Structures are given as structure tokens and as C-alpha cells.
Amino acid sequence: MGTKYNFAFFDEGSKREIRRATLKAIAIPGYQVPFASREMPIGRGWGTGGLQLTLSLIGEKEILKVIDQGSDESVNAVNIKKLIVSTTGVQTTIDTRKATLIQSRHRIPEIPLNKEQILVLQVPIPEPLRVVEASEHKTKRLHSESDYSGAWLMLFEQIMKYDSVTHGADYPVIVKDRYVMSPSPIPRFDNPKLNNSEALILLGAGREKKIYAVPPYTKVISMAFEDYPFRVENFSGQKCHLCGGQGVYLDEIVDEKTGETYYQCNDTSNCLMRLNGGK
Amino acid sequence: MKDFQTPILVVQKLRKQFGVGCDHCRDISPEHLEKNYCPKCGTVYACRDVSFELYEGEILGVVGESGSGKSTMMQCLYFDQEVTAGTVSLRSYKNGKNMFSESAQQKRYIRNNMFGMVYQNPIMGLNMNFSAISNIAEKLIAAGNRNVAAMSSRGEELLDEVNIPLFRIKEPPKNFSGGMQQRVQIAKALSNNPPILLLDEVTTGLDLSVQANVLDLIKKIQRELNISMIVVSHDLAVIRMLADRTVVMLNGNIIESGLTDQILEDPQHPYTQELVYSLL
């Protein structure tokens with residue numbers, strides 16, 4: 001450790017406050033619980049919500065994995081991991097199966113999570129109705145009255161303009177037939193993984209000071225009209241050029257010299273596992 | 001015959017005040033008030049125990065000067081504002097239960113299924129950044145419709161009805177002229193086939209030919225759909241053309257009511273006389 005910080009950076013009082021908000025969030029699936037978002041050694045909007053959740057939950061025996069857009073080794077993931085490790089000394093891994101606590105920016109891992117694991121998602125804009133209603137006072141009221149016509153209208157307008165829903169990421173979901181929730185900017189592809197998930201999923205927005213949750217085995221439905229069903233991204237006929245993976249979320253990469261387009265797994269640890277023969 | 005005479009909407013002693021009131025003005029008798037406010041505590045009584053009835057297929061005109069409480073009354077009826085006291089009941093809703101005492105959810109249901117509202121200012125009634133057809137769909141969505149094909153065909157039908165060219169229905173109303181915006185509002189208000197339409201100064205600020213256009217449309221809606229309407233206007237020509245019966249408001253009170261012809265030809269109250277004779 002070698003720092004003068006308390007274990008996991010925060011003082012115990014702060015951790016307790018965040019845990020209390022987390023418990024409330026779990027008790028009311030999909031409801032945004034306000035909390036006293038702390039100043040962090042990284043800028044707000046760079047994953048402070050997820051980081052605060054992680055730090056409030058982490059124990060010495062935890063095995064940590066941090067992902068940034070599917071990658072374990074991009075700058076954001078590495079820096080967050082460094083901060084957590086230097087204030088806790090916990091073990092880290094890139095193997096999804098071995099991790100007990102996973103903090104992720106905008107992806108849910110390809111390997112199904114199990115009930116021993118907690119997934120923490122970083123959220124930039126927790127309010128799904130923000131696009132149609134700027135006032136927090138009013139959106140709170142809309143949630144309490146379950147008035148979601150604004151969210152539906154947004155989808156309708158996209159269908160009118162483009163004949164399909166154009167949300168690539170952050171596609172709104174209905175949690176347990178009650179709250180409309182922004183699932184953080186995960187691709188639509190990951191939305192079905194929220195439904196009936198075995199792992200606890202926590203979402204934290206540091207700048208917006210909100211925590212919300214999808215408890216295990218909760219019904220999560222992506223919003224869709226009767227005649228325009230929800231669809232995930234279509235990668236049919238494509239596979240990862242490294243591991244040959246299909247049925248996973250692929251990144252489209254263009255070779256600038258040849259102009260050739262090829263695809264690669266977005267979840268790097270899953271790709272690596274497949275290349276190593278499933279180990 | 002008996003059925004015909006049951007009013008579709010009954011408003012009783014609707015009161016809306018801004019401020020808490022004091023011992024001096026609480027009984028709202030005219031001798032304690034200066035126009036519609038209390039000179040002691042400054043409380044404004046925008047609507048002072050307004051009562052009226054609306055019958056099926058009828059257009060009720062509401063006239064009065066600026067600040068007489070016409071728009072406040074309309075906004076109270078559409079639940080845009082909370083009333084201070086009074087009741088409103090709809091024949092087709094829960095056997096005439098007082099709707100002001102319903103929950104916010106129920107009020108929203110009533111708004112979306114029983115009423116259509118057209119505001120003087122289209123910004124109040126329309127979302128200027130969404131397409132015209134989405135604006136129509138908004139009310140359908142709010143009423144629980146989740147079928148895109150059904151909603152868009154209903155939207156097209158209504159916009160066609162109000163003479164918005166089909167190739168412009170996917171444009172936002174901010175691109176439209178004032179008259180067009182007003183017609184989109186009317187189409188939106190009609191989307192759920194409400195039994196009652198509330199029209200608040202719909203032609204004010206439109207030029208004469210456009211005004212005639214909108215008035216024609218309102219007449220046509222009344223004739224073909226047999227919808228009851230409350231039409232607020234300070235323009236007596238509009239009232240003369242549209243309304244079967246008229247009430248005159250002054251300082252938050254209804255001072256005179258009767259058949260429109262009767263009120264315009266033979267006004268009884270000094271204010272109504274002044275109003276009618278000042279007509280150019």
C-alpha cells in the first residue's frame with residue numbers, strides 16, 4: 001500500500017453513506033438514489049460514480065477487474081485499477097470468470113456473470129428523460145407518476161425520421177415494470193444481459209450524484225413499440241479476425257492503407273480466452 | 001329529451017386565488033375587493049366561484065376583458081393549475097365524480113382521454129422540436145397507445161383533416177406559420193376523440209384570412225364530430241360566429257350568461273353593454 005490513505009481511499013463514514021444509498025437503490029430497482037458524490041482524484045465524468053461504488057464495496061479478498069469499452073488495458077481502465085490497487089492492495093485480473101468485482105465503462109462482459117459477482121457500471125447521464133425534460137424537479141415528478149410518454153415519444157420521433165430507433169447505446173429499459181432506466185451507454189447488444197441477470201448490477205453517476213441498481217433476477221425490458229420490436233446490432237456473417245468469435249459484440253475496424261474493413265472482438269479478455277483455448 | 005338535457009360537464013363554484021387571503025377579503029364579496037384583488041393583503045382572486053354547465057354538441061363562448069379570469073379558468077379545467085376550491089364533473093367519468101379531487105395520475109388520464117386543449121400560444125401546446133406527427137402521437141402515447149402504424153396513420157388522417165400537407169408532417173412545428181401551428185394544435189387536441197374541446201383564444205394574433213380558416217375548421221369539427229367546446233375569446237365576432245351560448249366574465253365572476261344572440265343584441269349588465277357597444 002504505502003500510502004497514508006484509509007483502506008480504499010475513503011473514510012469509513014463516506015463508504016457507509018455510499019453503501020446506504022446502494023442498499024436503497026437495490027431495494028427500489030431502477031430508481032435513482034441521490035448520494036453525496038465525493039471529490040475524487042480523477043475528474044468528474046471520468047468514472048467517479050463507478051469508482052465510488054467500487055471503493056465503498058471493496059474488501060481485501062476481492063478480485064478486481066476494470067474494463068473500459070470492452071478493453072482491460074485502455075488508459076481509463078488502467079488508471080482506475082492503479083488507484084484502487086494502490087489504496088487497497090487487492091488482486092486484479094482480466095479474466096471475467098475469476099473476478100468478484102467488475103467495474104466497467106459501457107460494456108457488460110460477454111461471459112455470463114454469476115451470482116458471486118458484482119458489476120459496477122459508470123454512468124454519464126443517469127436520467128433517461130433528460131432529453132425531453134431539462135428540469136430535475138419535473139423528471140422526478142414524471143418518474144413518481146410513472147409518466148413515461150416523453151421517453152416513448154423520443155423513440156417514436158426516431159422511427160418517424162429514420163424508420164428505426166437510432167439509440168446505438170444507452171437504449172432505455174423498463175425495470176421490473178416500473179421505472180424507466182438509462183442502462184448507461186452500453187451498446188444495445190448488452191441490454192438483454194440486464195434481464196434476469198445472476199449478478200448484482202450497480203450503476204453510479206458521480207457528476208450527477210446518483211446511484212441506481214438492477215438486483216439479481218430482475219425483469220428488465222428494453223422499451224419498444226408493438227410493431228417495432230427491440231433489435232440488437234446485427235453482426236451476421238461477421239466474425240472476429242483474431243479468434244473467429246461470432247455472436248459477440250464486434251468492433252468494426254478499417255485498415256486505412258488498404259481501405260479494408262474487418263471485425264474484432266470488443267471484449268478483449270473474452271477474445272484472449274478463446275485464443276488460449278478457453279482457459 | 002331528458003337525456004339531452006343532462007349536461008356533459010358541470011362546473012360548480014370554481015375558485016382560484018393567488019395568495020392566502022386575509023380576514024378582510026375571505027368572503028370575496030365585491031365590496032371588500034378592488035376589481036379582483038384584496039387591497040389589504042394583495043391576494044388575487046382570478047376565478048370567484050364560477051359555475052356553468054356545458055351540454056352535448058354545444059359551443060359555449062366565454063368573453064371578458066384581459067385579466068377577467070378566462071384563461072385561468074381554462075387552465076384549471078385542464079388541470080394545468082390547481083384550483084383553490086370548487087368541483088367539476090363529467091357525465092362520462094365515474095358518474096360525475098369531482099375531478100379536481102382525483103390523483104395526479106387520474107387527472108392525467110382525464111386530460112388525455114376526455115379533454116383536448118388548444119392554447120393561445122402554440123408553444124404551450126406543442127413540442128416545437130419534435131415533428132408535427134410526433135406531436136399528435138404524444139397524446140396517443142400518453143393515453144397508452146404503443147402501436148406505431150396505428151398512431152402514424154391516425155396522425156396523418158388528423159393532419160390531413162386540418163389541411164397540413166402530407167409532405168410536411170415530419171417537420172417540427174417551429175418551421176410552420178402561426179396558422180399552421182394552431183391547426184396542428186387542433187389536430188393534436190382531437191387525436192383521442194375527446195368529448196370536450198377547450199379553445200383558449202385560438203384565433204388571436206392570426207391574420208384575418210387565416211382566422212377564417214381556423215374558425216371554419218372549428219365549425220366543421222363541431223358539425224361532424226358533435227364535440228362540445230368551450231371557446232374563450234375577447235373577440236366578439238369570433239363568439240358570434242361560433243358560440244350557441246355565451247357567458248361574460250368580469251373580475252373573476254360570471255356577470256351575465258345566455259344565448260349568444262341575446263347577449264349581443266340585448267346586453268343587460270353595464271359591462272356587457274360597454275363591451276358590445278365598443279364593437280367597431
# chains A, B, ... in the order shown; residues from 1 in each chain; ligands from 1
call {"tool": "closest_atom_pairs", "arguments": {"of": "region 129-204 of chain B", "to": "region 216-225 of chain B", "cutoff": "12 Å", "atoms": "only C-alpha atoms", "output": "JSON lines"}}
result
{"residue": "B:Leu158", "atom": "CA", "partner": "B:Ile221", "partner_atom": "CA", "distance": 11.2}
{"residue": "B:Leu159", "atom": "CA", "partner": "B:Leu217", "partner_atom": "CA", "distance": 11.9}
{"residue": "B:Asp160", "atom": "CA", "partner": "B:Leu217", "partner_atom": "CA", "distance": 11.8}
{"residue": "B:Glu161", "atom": "CA", "partner": "B:Leu217", "partner_atom": "CA", "distance": 8.7}
{"residue": "B:Val162", "atom": "CA", "partner": "B:Leu217", "partner_atom": "CA", "distance": 7.0}
{"residue": "B:Asn163", "atom": "CA", "partner": "B:Leu217", "partner_atom": "CA", "distance": 9.4}
{"residue": "B:Gly179", "atom": "CA", "partner": "B:Leu217", "partner_atom": "CA", "distance": 11.6}
{"residue": "B:Met180", "atom": "CA", "partner": "B:Leu217", "partner_atom": "CA", "distance": 12.0}
{"residue": "B:Gln182", "atom": "CA", "partner": "B:Leu217", "partner_atom": "CA", "distance": 10.9}
{"residue": "B:Arg183", "atom": "CA", "partner": "B:Leu217", "partner_atom": "CA", "distance": 8.5}
{"residue": "B:Val184", "atom": "CA", "partner": "B:Leu217", "partner_atom": "CA", "distance": 11.6}
{"residue": "B:Gln185", "atom": "CA", "partner": "B:Ile218", "partner_atom": "CA", "distance": 11.9}
{"residue": "B:Ile186", "atom": "CA", "partner": "B:Ile218", "partner_atom": "CA", "distance": 8.5}
{"residue": "B:Ala187", "atom": "CA", "partner": "B:Leu217", "partner_atom": "CA", "distance": 10.2}
{"residue": "B:Ala189", "atom": "CA", "partner": "B:Ile221", "partner_atom": "CA", "distance": 11.5}
{"residue": "B:Leu190", "atom": "CA", "partner": "B:Ile221", "partner_atom": "CA", "distance": 9.1}
{"residue": "B:Asn193", "atom": "CA", "partner": "B:Leu225", "partner_atom": "CA", "distance": 8.5}
{"residue": "B:Pro194", "atom": "CA", "partner": "B:Leu225", "partner_atom": "CA", "distance": 9.9}
{"residue": "B:Pro195", "atom": "CA", "partner": "B:Leu225", "partner_atom": "CA", "distance": 9.1}
{"residue": "B:Ile196", "atom": "CA", "partner": "B:Gln222", "partner_atom": "CA", "distance": 10.4}
{"residue": "B:Leu197", "atom": "CA", "partner": "B:Gln222", "partner_atom": "CA", "distance": 9.7}
{"residue": "B:Leu198", "atom": "CA", "partner": "B:Ile218", "partner_atom": "CA", "distance": 11.2}
{"residue": "B:Leu199", "atom": "CA", "partner": "B:Ile218", "partner_atom": "CA", "distance": 9.5}
{"residue": "B:Val202", "atom": "CA", "partner": "B:Ile218", "partner_atom": "CA", "distance": 10.0}
{"residue": "B:Thr203", "atom": "CA", "partner": "B:Ile218", "partner_atom": "CA", "distance": 10.7}
call {"tool": "interface_residues", "arguments": {"of": "chain A", "to": "chain B", "cutoff": "10 Å", "atoms": "only C-alpha atoms", "output": "list of chain:residue names"}}
result
A:Val132, A:Ser144, A:Glu145, A:Ser146, A:Asp147, A:Tyr148, A:Ser149, A:Gly150, A:Ala151, A:Trp152, A:Leu153, A:Met154, A:Leu155, A:Phe156, A:Glu157, A:Gln158, A:Ile159, A:Met160, A:Lys161, A:Ala224, A:Phe225, A:Glu226, A:Asp227, A:Tyr228
call {"tool": "write_last_selection", "arguments": {"atoms": "C-alpha atoms", "output": "CSV table (one decimal), in the first residue's frame"}}
result
chain,number,residue,atom,x,y,z
A,132,VAL,CA,-37.2,15.6,-23.2
A,144,SER,CA,-43.0,9.2,-9.4
A,145,GLU,CA,-46.2,9.4,-11.5
A,146,SER,CA,-44.8,6.8,-13.9
A,147,ASP,CA,-45.4,9.2,-16.8
A,148,TYR,CA,-43.0,8.0,-19.5
A,149,SER,CA,-44.7,9.3,-22.6
A,150,GLY,CA,-41.7,11.6,-23.1
A,151,ALA,CA,-39.4,8.5,-23.4
A,152,TRP,CA,-41.8,6.8,-25.8
A,153,LEU,CA,-42.2,10.0,-27.8
A,154,MET,CA,-38.4,10.1,-28.3
A,155,LEU,CA,-38.5,6.6,-29.8
A,156,PHE,CA,-41.5,7.5,-31.9
A,157,GLU,CA,-39.8,10.5,-33.3
A,158,GLN,CA,-36.7,8.5,-34.3
A,159,ILE,CA,-39.0,5.9,-36.0
A,160,MET,CA,-40.8,8.7,-37.9
A,161,LYS,CA,-37.5,10.2,-39.0
A,224,ALA,CA,-40.2,-1.0,-27.8
A,225,PHE,CA,-43.4,-0.4,-29.7
A,226,GLU,CA,-45.6,-3.4,-30.7
A,227,ASP,CA,-44.8,-3.2,-34.3
A,228,TYR,CA,-41.2,-2.1,-34.0
call {"tool": "atom_distance", "arguments": {"atom1": "CA of Lys174 (chain B)", "atom2": "CA of Leu77 (chain B)"}}
result
27.2 Å
call {"tool": "residues_around", "arguments": {"residues": "region 226-242 of chain B", "least_positions_apart": "5", "cutoff": "7 Å", "atoms": "only C-alpha atoms", "output": "list in words"}}
result
Tyr55, Glu56, Gly57, Glu58, Ile59, Leu60, Gly61, Val62, Val63, Gly64, Glu65, Lys70, Pro195, Ile196, Leu197, Leu198, Leu199, Asp200, Glu201, Lys219 and Thr260 of chain B
call {"tool": "residues_around", "arguments": {"residues": "Lys193 (chain A)", "least_positions_apart": "3", "cutoff": "8 Å", "atoms": "only C-alpha atoms", "output": "PDB file with C-alpha atoms, in the first residue's frame"}}
result
ATOM      1  CA  ILE A 108     -21.233  -5.924 -19.937  1.00  0.00           C
ATOM      2  CA  PRO A 112     -22.366 -14.558 -18.376  1.00  0.00           C
ATOM      3  CA  ASP A 190     -25.801  -5.733 -23.946  1.00  0.00           C
ATOM      4  CA  ASN A 196     -32.738 -11.690 -15.143  1.00  0.00           C
ATOM      5  CA  SER A 197     -29.020 -11.224 -14.515  1.00  0.00           C
TER       6      SER A 197
END
call {"tool": "residues_around", "arguments": {"residues": "Pro215 (chain A)", "least_positions_apart": "6", "cutoff": "7 Å", "atoms": "only C-alpha atoms", "output": "VMD selection string"}}
result
chain A and resid 26 29 200 to 201
call {"tool": "select_by_dssp", "arguments": {"residues": "region 74-122 of chain A", "states": "alpha helix (DSSP H)", "output": "JSON, numbers by chain"}}
result
{"A": [75, 76, 77, 78, 79, 80, 81, 82, 83, 84, 85, 86, 87, 88]}
call {"tool": "residues_around", "arguments": {"residues": "region 254-268 of chain A", "least_positions_apart": "3", "cutoff": "10 Å", "atoms": "only C-alpha atoms", "output": "ChimeraX atom specification"}}
result
/A:67-73,94-95,107-111,235,238-251,271-274
call {"tool": "residues_around", "arguments": {"residues": "Arg105 (chain A)", "least_positions_apart": "4", "cutoff": "12 Å", "atoms": "only C-alpha atoms", "output": "PyMOL selection string"}}
result
chain A and resi 45-51+65-72+74-78+80+109+119-124+183-187+203-205+267
call {"tool": "select_by_dssp", "arguments": {"residues": "region 117-214 of chain B", "states": "strand (DSSP E or B)", "output": "PyMOL selection string"}}
result
chain B and resi 117-118+196-200
call {"tool": "atom_distance", "arguments": {"atom1": "CA of Ala213 (chain A)", "atom2": "CA of Thr87 (chain A)"}}
result
25.4 Å
